[in-house]
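**Student:** Quick one: this structure, given as structure tokens, is what I'll be asking you about.
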There are 2 protein chains.
Amino acid sequence: MSRAVAEDHSADNTTPYHSMEIGSSLTLGQLLKNVSDVRKVDVGDETPLHSSQGDQDYDDLMRPVPFVLSFNNLTYNVSVRGKFDLIPRRSFSSSKTKTLLDNISGETRDGEILAVLGASGSGKSTLIDALANRIAKGSLKGKVTLNGEPLQSRTLKVISAYVMQDDLLFPMLTVEETLMFAAEFLLPRSLPKSKKKLRVQTLIEQLGIKNAANTIIGDEGHRGISGGERRRVSIGIDIIHDPIVLFLDEPTSGLDSTSAFMVVNVLKKIAESGSIVIMSIHQPSHRVLGLLNRLIFLSRGKTVFSGSPASLPGFFARFGSPVPENENQTEFALDLIRELEGSAGGTRGLVEFNKRWQEMKNLSPPASPNPNLTLKEAISASISRGKLVSGGGGGGGSSVASHGGFANPFWIEIKTLTERSILNSRRQPELFGTRLATVLVTGFILATVFWRLDNSPKGVQERLGFFAFAMSTMFYTCADALPVFLQERYIFVRETAYNAYRRSSYVLSHAVVSLPSLIFLSLAFAATTFWAVGLEGGPMGFLFYCLIIFASFWSGSSFVTFLSGVVPHVMLGYTIVVAILAYFLLFSGFFINRDRIPQYWLWFHYLSLVKYPYEAVLQNEFSDPMECFVRGVQMFDNTPLGQLSYGMKLRLLDSVSRSIGMRITGSTCLTTGADILKQQGVTELSKWSCLLVTVGFGFFFRVLFYLCLLFGSKNKRR
Amino acid sequence: MSRAVAEDHSADNTTPYHSMEIGSSLTLGQLLKNVSDVRKVDVGDETPLHSSQGDQDYDDLMRPVPFVLSFNNLTYNVSVRGKFDLIPRRSFSSSKTKTLLDNISGETRDGEILAVLGASGSGKSTLIDALANRIAKGSLKGKVTLNGEPLQSRTLKVISAYVMQDDLLFPMLTVEETLMFAAEFLLPRSLPKSKKKLRVQTLIEQLGIKNAANTIIGDEGHRGISGGERRRVSIGIDIIHDPIVLFLDEPTSGLDSTSAFMVVNVLKKIAESGSIVIMSIHQPSHRVLGLLNRLIFLSRGKTVFSGSPASLPGFFARFGSPVPENENQTEFALDLIRELEGSAGGTRGLVEFNKRWQEMKNLSPPASPNPNLTLKEAISASISRGKLVSGGGGGGGSSVASHGGFANPFWIEIKTLTERSILNSRRQPELFGTRLATVLVTGFILATVFWRLDNSPKGVQERLGFFAFAMSTMFYTCADALPVFLQERYIFVRETAYNAYRRSSYVLSHAVVSLPSLIFLSLAFAATTFWAVGLEGGPMGFLFYCLIIFASFWSGSSFVTFLSGVVPHVMLGYTIVVAILAYFLLFSGFFINRDRIPQYWLWFHYLSLVKYPYEAVLQNEFSDPMECFVRGVQMFDNTPLGQLSYGMKLRLLDSVSRSIGMRITGSTCLTTGADILKQQGVTELSKWSCLLVTVGFGFFFRVLFYLCLLFGSKNKRR
């Protein structure tokens, strides 16, 4: 059990800028340093987790630290771009800016749930975003304070959690596994695994999902837990570190009344453990309403009611529209608001009435928390009582600097991410199965079409065709990887938003996870085609063939992964991948040799991912100096003289020999592999260089992928 | 104003099997024949539509005909297939069958709304499906009767409508256009356009969507009407012909409380106009509950409550769980049921209690409608009062036979479908724009890469590559058409389910609509590449080039359209299209000539869609007998002798000339286009035959598409 005395918490932290830090640059590290100092004084290294069997005699020490969150005159305008309208549609009127939030004020405290209500488009989600600091700094006017002190972005990130409306979960993990991975990412590394497990168990009980603990989450194709359970798991992930402020965007949307009640009940318990809970809600049932402490009704960005549920009937009665007997109060209020919105005067009357009502109510001064505690002190005290065990360190403040705000070092993140990814994909073997089948079917078709090619001039041309087709197939099958990240992307955005792991760890783990299956696919394709088509080079040739196929798969999947980080949805991504790969093939050197490509397109030839593996396999095939592809009379095969009789051709050879002064018989080798390579313009890079370039392209696209994750996933409104 | 006296309605229809028909094979035609007979007697050809300004003195004649729908002991079992479980999941227990409906009985009548309630998985939708005859005959046990007579599939199809949960609407049509098209498809052709317009206007008013009448429906990319309005438009489409029985699957799901109320209010009005309304509903608000007449609560396929909303509190009070003050009654009931489901004894107690309660209640005999009217008579009477103006004929019974149950003849359907399609796609020009851009970009790249090809041996090889690439591009860009039908498919299934038009009309109109854009794309691509690459044949060559490109687009889009009728979703369809087209290209004759393809693969060569346009353009290109591709010394270009000096080659030519006894100079033509065609194995079909085969393939796939629509879109459960 952790206990701390708030009064002596900052014993040895008396630097001059101590009180300034809160407003400007309070970091988790500093916060936790404080806490660990506090702990040194009187706690030792006890677990910072809530214990379900709390000791009665320490009850008053365990009492939550008071927090009050206030927001004043929040105003948020967006400029509406005048789209080029080809078709009649309801326009936003001709004005250039739209006010999403108009002078919204309010207050809430720990132990309470503040609910924001209103029709869709009223500004509910916008207000939650504004409070959760998800609107870019310049755009939002007004003030948000915690315990009277301005709330800084960094501080808020550390002490809060934001639960999105969508359940973004790995479908093939069980509930317990899902929460356990969240614990690994978010709880400090210093906390032993057994304590993390304990936290997950406590949370599962608190969320009321014990029966589903070992069931997979599920998706369309796999039966899993119910929607309500899924919702609670999502909330569980976000509150695994027991945040001080919890924001939720419509946590009950899409749930039936019972599930909705159970979810809000969980939120109430969280609030009562010392957190501030702020959420938007669409249509609370009677019972849910009983759990809420403060309501704000919005209409077109303006407050039309603000107060406790109990004061609602009185408010509307005074306004002149009493809630009828037996009618759901919030339903009535929302309908009334909608009616007013449709009327000539709009909701102006109600907005004005609410202002007067607020002024009347607010004659008593606003509740102030503990005036003796600064915000930093309050947070520290709260942490020492078990709140906020997120981020780097926690127990051991020393590790903070090295991890830069993350709970784990680099290698642990990669290990955990890899484990999770493997667990998730091992449970849907059909995905890999489909891909393997594609590769094997294409391999089989190619093997039987190009069955045991001969070394005649036509055979050479067909070999070229086989290689071009085979190498582009490698790249095309990689397009299957496109939906994988697009589905994971939202999970990734959420997890990195609260520093669950580094983006670089994700990129690395993503690459590592793909390797085993790529190796397997390479071997499968190589084994299917190498001997069937009759490729050259023996065991070493086969080995290189495997390597270059693997390299193609690697660079192809890197390329597709990069694209999946850029494109907004699967269909577009697929179209782009197919188009670009077609151009890569066109410029690979097969359709038109390098020396024949117009100067102004040469750059694209060198960018073509297909060029390098294509040239590499050609060199692998045509490198044997003993192999001959045009012998004696075959010379005339592709010329107009090809139709002559064999005897005639022999006589021709004789006369040619005499003319050029060199003896050519019917079996003299006239064209070696080297000649063919020269004809095809494959002269610049050795096959090993081509392999290196292909592998290098793979790394290059992974780096691009990393950069686009780094700059592309800002999670804020403008 | 239509007025009919029910008593003398079957004046001249006294064939011996008259009364048998109802149970066995009552067709719309027969029904309507009856009605028109009735009309002949005393109405003339007045409009069969409800008039909003009804004459007061005919009020009692206008009173709806009574209908009672009863269902007894409905039971529906499905066998649960034991899937091969690789992963732990909640199983359905080891039993082989699952009872979705267990002995459900009930009754409802015109003017009333019967609502089915229950948690998800309780059997709500299944019951609606069972009543709406959407469960295959053998699987469902029990009896559904209308006015005491068994309800046959054909009769039901004619007199009922089923409103699905999803809003399947053309996004770019306005509300009024959407309803007007529905009127064109469903209202009889004999009804003048002005009357149809009137019906649409009345309906728009009845649905309360007058303000949105000229707004487009909208989708993700286009701002349109609200969710509640969309819901009402969907209902409007299904009730345009004013059906006697209306089924709705969760019509209020996803709507906020006000919209939900407005929707149910519309349904109430429809019921009061003389229809039976049966719907499932998730969580009715207090006000919605006030509009419902009968409730059935299901739990795991069993009835746990059945009665009026008013009797609900009494029922639960007697059961020992009174509804608390101020609590939403249905919410309370659903929660109680869920609680019981989770308890040891399950809902058995409640099911038993309900049985006893029903027995007690049912001491009074069931309501019987007008005992003097058979079902057929009642339906006919109802029709003559304005109900059911759907299907073929209506006013003119004679036209029924020729149209076979459809409101319009073939050509009108095609015209209307084409109009709708063009209207919808003209409002999203970006779709065609994207496709045009793809074709132009590829054309530009090909034109610049293969800029003014020469007639050297290498140039010939490059020409082949250009044609192979260009022809497969035609097919690949057709893949863009894949999502179009997949999105429309559900609309199509719904519309054909109630005989809005023939499937063949749809297939034809679908083809007709695509032609103009395909012609434009063909011209664009041909003009971009023909002169730039330097293709042969002059104006006639260009014309043929345009034609074969157009034919490729046509057969490609037919192929993709056929596929879109087979595959379940876009991603899979795209993967399949890309893979098959790749194989088509592989077998086209470019990668490997026909004479070199192994025997066992030749069949695929002839199936390859790319083969025919490829061979056609080759013949178009190499048909000029004056054109020469290998001249004199060029003969040695692709042979090992190619490196010799020009003088040396001339001497060689001399000696060759002597050997074969034929004079070959430096400018003698050695290879004509015909030779090249022979080398490439293009010898079997003339270019016009290839064009014909390509066009024919297009028609073939349209026929396949038609067949798969005919057999693939059964809308029933097994």
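Naming scheme: A, B, ... for chains in displayed order of the structure tokens; residues 1 onward per chain; ligands 1 onward as shown.
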Residues of chain A near chain B: apply a cut-off of 8 Å, count only C-alpha atoms, and supply the list as a VMD selection string.

**Tutor:** chain A and resid 86 to 90 119 214 to 216 223 to 224 254 256 to 258 282 to 283 285 to 287 326 to 328 331 335 427 448 to 451 462 465 to 466 469 570 to 571 586 591 to 592 597 to 598 601 635 to 636 638 to 640 648 651 to 652 655 to 656 659 to 660 670 to 671 675

**Student:** List as a list in words the protein and nucleic acid residues near A:Leu486, meaning an atom at most 9 Å away when only C-alpha atoms are counted, but skip any in the same chain fewer than 2 places from it.

**Tutor:**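 The residues satisfying every condition are Leu482, Pro483, Val484, Glu488, Arg489, Tyr490, Ser564, Gly565, Val567, Pro568, His569 and Val570 of chain A.
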
**Student:** When you look at B:Asn620 with a cut-off of 8 Å (counting only C-alpha atoms), what residues show up, excluding the ones that are within fewer than 3 positions of it in the same chain? I need them as a list in words.

**Tutor:** Glu536, Gly537, Gly541, Phe544, Tyr545, Ala616, Val617, Ser623 and Lys687 of chain B

**Student:** Take the residues that were just selected and, keeping N, CA and C atoms, output them as a JSON list (two decimals), in the first residue's frame.

**Tutor:**
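result_25.json, freshly written:
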[["chain", "number", "residue", "atom", "x", "y", "z"],
["B", 536, "GLU", "N", 1.52, 2.10, -87.84],
["B", 536, "GLU", "CA", 1.30, 2.03, -89.28],
["B", 536, "GLU", "C", -0.18, 2.02, -89.62],
["B", 537, "GLY", "N", -0.45, 2.26, -90.90],
["B", 537, "GLY", "CA", -1.81, 2.01, -91.41],
["B", 537, "GLY", "C", -2.59, 3.26, -91.78],
["B", 541, "GLY", "N", -5.82, 2.55, -90.46],
["B", 541, "GLY", "CA", -5.14, 1.88, -89.35],
["B", 541, "GLY", "C", -5.57, 2.50, -88.03],
["B", 544, "PHE", "N", -9.06, 1.37, -87.11],
["B", 544, "PHE", "CA", -9.10, 0.02, -86.56],
["B", 544, "PHE", "C", -8.51, 0.00, -85.14],
["B", 545, "TYR", "N", -7.43, 0.77, -84.97],
["B", 545, "TYR", "CA", -6.78, 0.87, -83.65],
["B", 545, "TYR", "C", -7.81, 1.35, -82.62],
["B", 616, "ALA", "N", -4.79, -8.65, -82.97],
["B", 616, "ALA", "CA", -5.43, -7.71, -83.91],
["B", 616, "ALA", "C", -4.53, -6.51, -84.17],
["B", 617, "VAL", "N", -3.96, -5.91, -83.11],
["B", 617, "VAL", "CA", -3.11, -4.74, -83.35],
["B", 617, "VAL", "C", -1.82, -5.13, -84.06],
["B", 623, "SER", "N", 0.67, -5.26, -91.44],
["B", 623, "SER", "CA", -0.03, -5.77, -92.61],
["B", 623, "SER", "C", 0.43, -5.13, -93.92],
["B", 687, "LYS", "N", -7.53, -9.88, -88.53],
["B", 687, "LYS", "CA", -7.69, -8.85, -87.51],
["B", 687, "LYS", "C", -9.16, -8.57, -87.25]]

**Student:** Skip stretch 121-136 of chain A itself and residues of its chain fewer than 2 positions away, then list as a ChimeraX atom specification all residues within 9 Å of it, counting only C-alpha atoms.

**Tutor:** /A:71,74,76,100-101,104,116-119,138-140,144,152-153,156-157,160-162,245-250,278-281,297-302,715-718

**Student:** Run DSSP on the backbone and tell me which residues of stretch 220-283 of chain B come out as strand (DSSP E); list them as a CSV table (one decimal) with N, CA, C and O atoms, in the first residue's frame.

**Tutor:**
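Result file is selection.csv:
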chain,number,residue,atom,x,y,z
B,245,VAL,N,-49.3,-5.1,-46.1
B,245,VAL,CA,-48.4,-5.5,-44.9
B,245,VAL,C,-47.0,-4.9,-45.1
B,245,VAL,O,-46.4,-5.0,-46.2
B,246,LEU,N,-46.6,-4.3,-44.1
B,246,LEU,CA,-45.3,-3.6,-44.1
B,246,LEU,C,-44.4,-4.2,-43.0
B,246,LEU,O,-44.7,-4.1,-41.9
B,247,PHE,N,-43.2,-4.8,-43.4
B,247,PHE,CA,-42.3,-5.3,-42.5
B,247,PHE,C,-41.1,-4.4,-42.4
B,247,PHE,O,-40.6,-3.9,-43.5
B,248,LEU,N,-40.6,-4.1,-41.2
B,248,LEU,CA,-39.4,-3.3,-41.1
B,248,LEU,C,-38.4,-3.9,-40.1
B,248,LEU,O,-38.8,-4.3,-39.0
B,276,ILE,N,-51.0,-3.2,-42.1
B,276,ILE,CA,-50.4,-3.9,-41.0
B,276,ILE,C,-49.0,-3.5,-41.0
B,276,ILE,O,-48.3,-3.7,-42.0
B,277,VAL,N,-48.5,-3.0,-39.9
B,277,VAL,CA,-47.0,-2.7,-39.8
B,277,VAL,C,-46.4,-3.6,-38.7
B,277,VAL,O,-46.9,-3.7,-37.6
B,278,ILE,N,-45.4,-4.3,-39.1
B,278,ILE,CA,-44.7,-5.2,-38.2
B,278,ILE,C,-43.2,-4.8,-38.2
B,278,ILE,O,-42.6,-4.8,-39.3
B,279,MET,N,-42.6,-4.5,-37.0
B,279,MET,CA,-41.2,-4.1,-37.1
B,279,MET,C,-40.4,-4.6,-35.8
B,279,MET,O,-41.0,-4.9,-34.8
B,280,SER,N,-39.1,-4.7,-36.0
B,280,SER,CA,-38.3,-5.0,-34.8
B,280,SER,C,-37.8,-3.7,-34.4
B,280,SER,O,-37.6,-2.7,-35.2

**Student:** So which bits of stretch 620-654 of chain B end up helix (DSSP H, G or I) when you DSSP the backbone, as an mmCIF file with N, CA and C atoms, in the first residue's frame?

**Tutor:**
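Final file, result17.cif:
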data_model
loop_
_atom_site.group_PDB
_atom_site.id
_atom_site.type_symbol
_atom_site.label_atom_id
_atom_site.label_comp_id
_atom_site.auth_asym_id
_atom_site.auth_seq_id
_atom_site.Cartn_x
_atom_site.Cartn_y
_atom_site.Cartn_z
ATOM 1 N N ASN B 620 -2.755 -5.247 -87.597
ATOM 2 C CA ASN B 620 -2.979 -3.884 -88.061
ATOM 3 C C ASN B 620 -1.643 -3.203 -88.354
ATOM 4 N N GLU B 621 -0.650 -3.536 -87.520
ATOM 5 C CA GLU B 621 0.649 -2.898 -87.616
ATOM 6 C C GLU B 621 1.495 -3.489 -88.751
ATOM 7 N N GLY B 632 18.679 -5.967 -95.857
ATOM 8 C CA GLY B 632 20.081 -6.259 -96.125
ATOM 9 C C GLY B 632 20.890 -6.579 -94.897
ATOM 10 N N VAL B 633 21.832 -5.672 -94.599
ATOM 11 C CA VAL B 633 22.792 -5.954 -93.536
ATOM 12 C C VAL B 633 22.137 -6.027 -92.150
ATOM 13 N N GLN B 634 20.947 -5.441 -91.988
ATOM 14 C CA GLN B 634 20.285 -5.509 -90.682
ATOM 15 C C GLN B 634 20.035 -6.957 -90.270
ATOM 16 N N MET B 635 20.058 -7.847 -91.281
ATOM 17 C CA MET B 635 19.843 -9.259 -91.030
ATOM 18 C C MET B 635 20.720 -9.777 -89.900
ATOM 19 N N PHE B 636 21.932 -9.218 -89.818
ATOM 20 C CA PHE B 636 22.884 -9.754 -88.832
ATOM 21 C C PHE B 636 22.750 -9.102 -87.449
ATOM 22 N N PRO B 640 25.206 -13.223 -83.814
ATOM 23 C CA PRO B 640 26.563 -12.962 -83.292
ATOM 24 C C PRO B 640 27.390 -12.155 -84.279
ATOM 25 N N LEU B 641 26.932 -12.081 -85.535
ATOM 26 C CA LEU B 641 27.716 -11.355 -86.526
ATOM 27 C C LEU B 641 27.409 -9.872 -86.515
ATOM 28 N N GLY B 642 26.513 -9.485 -85.643
ATOM 29 C CA GLY B 642 26.078 -8.091 -85.600
ATOM 30 C C GLY B 642 27.203 -7.120 -85.315
ATOM 31 N N GLN B 643 28.286 -7.613 -84.653
ATOM 32 C CA GLN B 643 29.372 -6.694 -84.272
ATOM 33 C C GLN B 643 30.328 -6.382 -85.420
ATOM 34 N N TYR B 646 30.476 -2.582 -91.159
ATOM 35 C CA TYR B 646 29.470 -2.516 -92.217
ATOM 36 C C TYR B 646 30.003 -3.135 -93.514
ATOM 37 N N GLY B 647 31.266 -2.806 -93.841
ATOM 38 C CA GLY B 647 31.866 -3.355 -95.057
ATOM 39 C C GLY B 647 31.907 -4.868 -95.020
ATOM 40 N N MET B 648 32.317 -5.392 -93.878
ATOM 41 C CA MET B 648 32.401 -6.839 -93.680
ATOM 42 C C MET B 648 31.034 -7.477 -93.915
ATOM 43 N N LYS B 649 29.973 -6.797 -93.360
ATOM 44 C CA LYS B 649 28.627 -7.337 -93.495
ATOM 45 C C LYS B 649 28.214 -7.367 -94.963
ATOM 46 N N LEU B 650 28.589 -6.314 -95.706
ATOM 47 C CA LEU B 650 28.243 -6.263 -97.123
ATOM 48 C C LEU B 650 28.893 -7.429 -97.857
ATOM 49 N N ARG B 651 30.169 -7.704 -97.498
ATOM 50 C CA ARG B 651 30.859 -8.820 -98.138
ATOM 51 C C ARG B 651 30.170 -10.137 -97.801
ATOM 52 N N LEU B 652 29.768 -10.236 -96.537
ATOM 53 C CA LEU B 652 29.043 -11.428 -96.100
ATOM 54 C C LEU B 652 27.787 -11.616 -96.942
ATOM 55 N N LEU B 653 27.044 -10.511 -97.111
ATOM 56 C CA LEU B 653 25.814 -10.557 -97.894
ATOM 57 C C LEU B 653 26.089 -11.098 -99.282
ATOM 58 N N ASP B 654 27.203 -10.610 -99.839
ATOM 59 C CA ASP B 654 27.596 -11.063 -101.174
ATOM 60 C C ASP B 654 27.745 -12.571 -101.222
#

**Student:** What lies within 9 Å of B:Cys708 using only C-alpha atoms, ignoring chain neighbours under 3 positions off, as number ranges by chain?

**Tutor:** B: 562, 565-566, 703-705, 711-713

**Student:** Just all heavy atoms for this one: save the residues we selected as an mmCIF file, in the first residue's frame.

**Tutor:**
data_model
loop_
_atom_site.group_PDB
_atom_site.id
_atom_site.type_symbol
_atom_site.label_atom_id
_atom_site.label_comp_id
_atom_site.auth_asym_id
_atom_site.auth_seq_id
_atom_site.Cartn_x
_atom_site.Cartn_y
_atom_site.Cartn_z
ATOM 1 N N PHE B 562 -18.966 -8.829 -64.708
ATOM 2 C CA PHE B 562 -19.328 -10.196 -64.348
ATOM 3 C C PHE B 562 -18.699 -10.578 -63.010
ATOM 4 O O PHE B 562 -19.365 -11.088 -62.107
ATOM 5 C CB PHE B 562 -18.879 -11.163 -65.447
ATOM 6 C CG PHE B 562 -18.738 -12.576 -64.987
ATOM 7 C CD1 PHE B 562 -19.848 -13.284 -64.530
ATOM 8 C CD2 PHE B 562 -17.497 -13.205 -64.987
ATOM 9 C CE1 PHE B 562 -19.715 -14.591 -64.090
ATOM 10 C CE2 PHE B 562 -17.369 -14.496 -64.537
ATOM 11 C CZ PHE B 562 -18.482 -15.198 -64.086
ATOM 12 N N GLY B 565 -20.305 -9.323 -60.012
ATOM 13 C CA GLY B 565 -21.526 -10.011 -59.624
ATOM 14 C C GLY B 565 -21.238 -11.276 -58.835
ATOM 15 O O GLY B 565 -22.140 -11.851 -58.225
ATOM 16 N N VAL B 566 -19.984 -11.720 -58.836
ATOM 17 C CA VAL B 566 -19.638 -12.990 -58.207
ATOM 18 C C VAL B 566 -18.931 -12.801 -56.872
ATOM 19 O O VAL B 566 -19.208 -13.500 -55.901
ATOM 20 C CB VAL B 566 -18.726 -13.820 -59.152
ATOM 21 C CG1 VAL B 566 -18.425 -15.165 -58.541
ATOM 22 C CG2 VAL B 566 -19.379 -13.991 -60.499
ATOM 23 N N VAL B 703 -23.737 -11.846 -70.557
ATOM 24 C CA VAL B 703 -24.708 -12.921 -70.368
ATOM 25 C C VAL B 703 -24.416 -13.654 -69.056
ATOM 26 O O VAL B 703 -25.326 -13.943 -68.268
ATOM 27 C CB VAL B 703 -24.682 -13.899 -71.565
ATOM 28 C CG1 VAL B 703 -25.524 -15.130 -71.267
ATOM 29 C CG2 VAL B 703 -25.182 -13.203 -72.814
ATOM 30 N N LEU B 704 -23.130 -13.921 -68.816
ATOM 31 C CA LEU B 704 -22.760 -14.564 -67.552
ATOM 32 C C LEU B 704 -23.212 -13.708 -66.369
ATOM 33 O O LEU B 704 -23.710 -14.212 -65.364
ATOM 34 C CB LEU B 704 -21.250 -14.775 -67.473
ATOM 35 C CG LEU B 704 -20.656 -15.923 -68.283
ATOM 36 C CD1 LEU B 704 -19.187 -16.104 -67.934
ATOM 37 C CD2 LEU B 704 -21.405 -17.215 -67.999
ATOM 38 N N PHE B 705 -23.012 -12.411 -66.497
ATOM 39 C CA PHE B 705 -23.415 -11.479 -65.449
ATOM 40 C C PHE B 705 -24.915 -11.605 -65.205
ATOM 41 O O PHE B 705 -25.379 -11.702 -64.063
ATOM 42 C CB PHE B 705 -23.058 -10.055 -65.891
ATOM 43 C CG PHE B 705 -23.459 -8.972 -64.933
ATOM 44 C CD1 PHE B 705 -23.075 -9.025 -63.604
ATOM 45 C CD2 PHE B 705 -24.195 -7.869 -65.367
ATOM 46 C CE1 PHE B 705 -23.442 -8.015 -62.725
ATOM 47 C CE2 PHE B 705 -24.554 -6.865 -64.495
ATOM 48 C CZ PHE B 705 -24.182 -6.947 -63.175
ATOM 49 N N PHE B 711 -29.450 -16.199 -60.759
ATOM 50 C CA PHE B 711 -29.410 -17.321 -59.820
ATOM 51 C C PHE B 711 -28.729 -16.959 -58.508
ATOM 52 O O PHE B 711 -28.870 -17.673 -57.529
ATOM 53 C CB PHE B 711 -28.693 -18.513 -60.456
ATOM 54 C CG PHE B 711 -29.409 -19.015 -61.672
ATOM 55 C CD1 PHE B 711 -28.858 -18.874 -62.935
ATOM 56 C CD2 PHE B 711 -30.651 -19.607 -61.537
ATOM 57 C CE1 PHE B 711 -29.531 -19.317 -64.058
ATOM 58 C CE2 PHE B 711 -31.326 -20.063 -62.653
ATOM 59 C CZ PHE B 711 -30.778 -19.922 -63.912
ATOM 60 N N GLY B 712 -27.991 -15.862 -58.513
ATOM 61 C CA GLY B 712 -27.177 -15.570 -57.332
ATOM 62 C C GLY B 712 -27.835 -14.673 -56.313
ATOM 63 O O GLY B 712 -27.343 -14.528 -55.212
ATOM 64 N N SER B 713 -28.970 -14.062 -56.651
ATOM 65 C CA SER B 713 -29.479 -13.054 -55.729
ATOM 66 C C SER B 713 -30.766 -13.483 -55.041
ATOM 67 O O SER B 713 -31.677 -12.716 -54.870
ATOM 68 C CB SER B 713 -29.688 -11.731 -56.471
ATOM 69 O OG SER B 713 -30.610 -11.921 -57.512
#

**Student:** Would you pick out the contacts of B:Val439 at 12 Å or less, using only C-alpha atoms, so that residues sharing its chain but fewer than 6 positions from it are not included, and give the list as a ChimeraX atom specification?

**Tutor:** /A:579 /B:432-433,445-447,470-478,480,517-518,520-529,549,553

**Student:** Which residues are close to stretch 202-209 of chain B, i.e. within 9 Å by only C-alpha atoms, leaving aside same-chain residues fewer than 2 positions away? Reply as a PyMOL selection string.

**Tutor:** chain B and resi 50-52+175-176+179+197-200+211-213+229+232-233+235-236+239-240+262-263+265-267+269-270

**Student:** Can you tell me how far atom CA of B:Thr99 sits from atom CA of B:Leu295, in Å to one decimal?

**Tutor:**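 Calculated distance between atom CA of B:Thr99 and atom CA of B:Leu295 is 21.3 Å.
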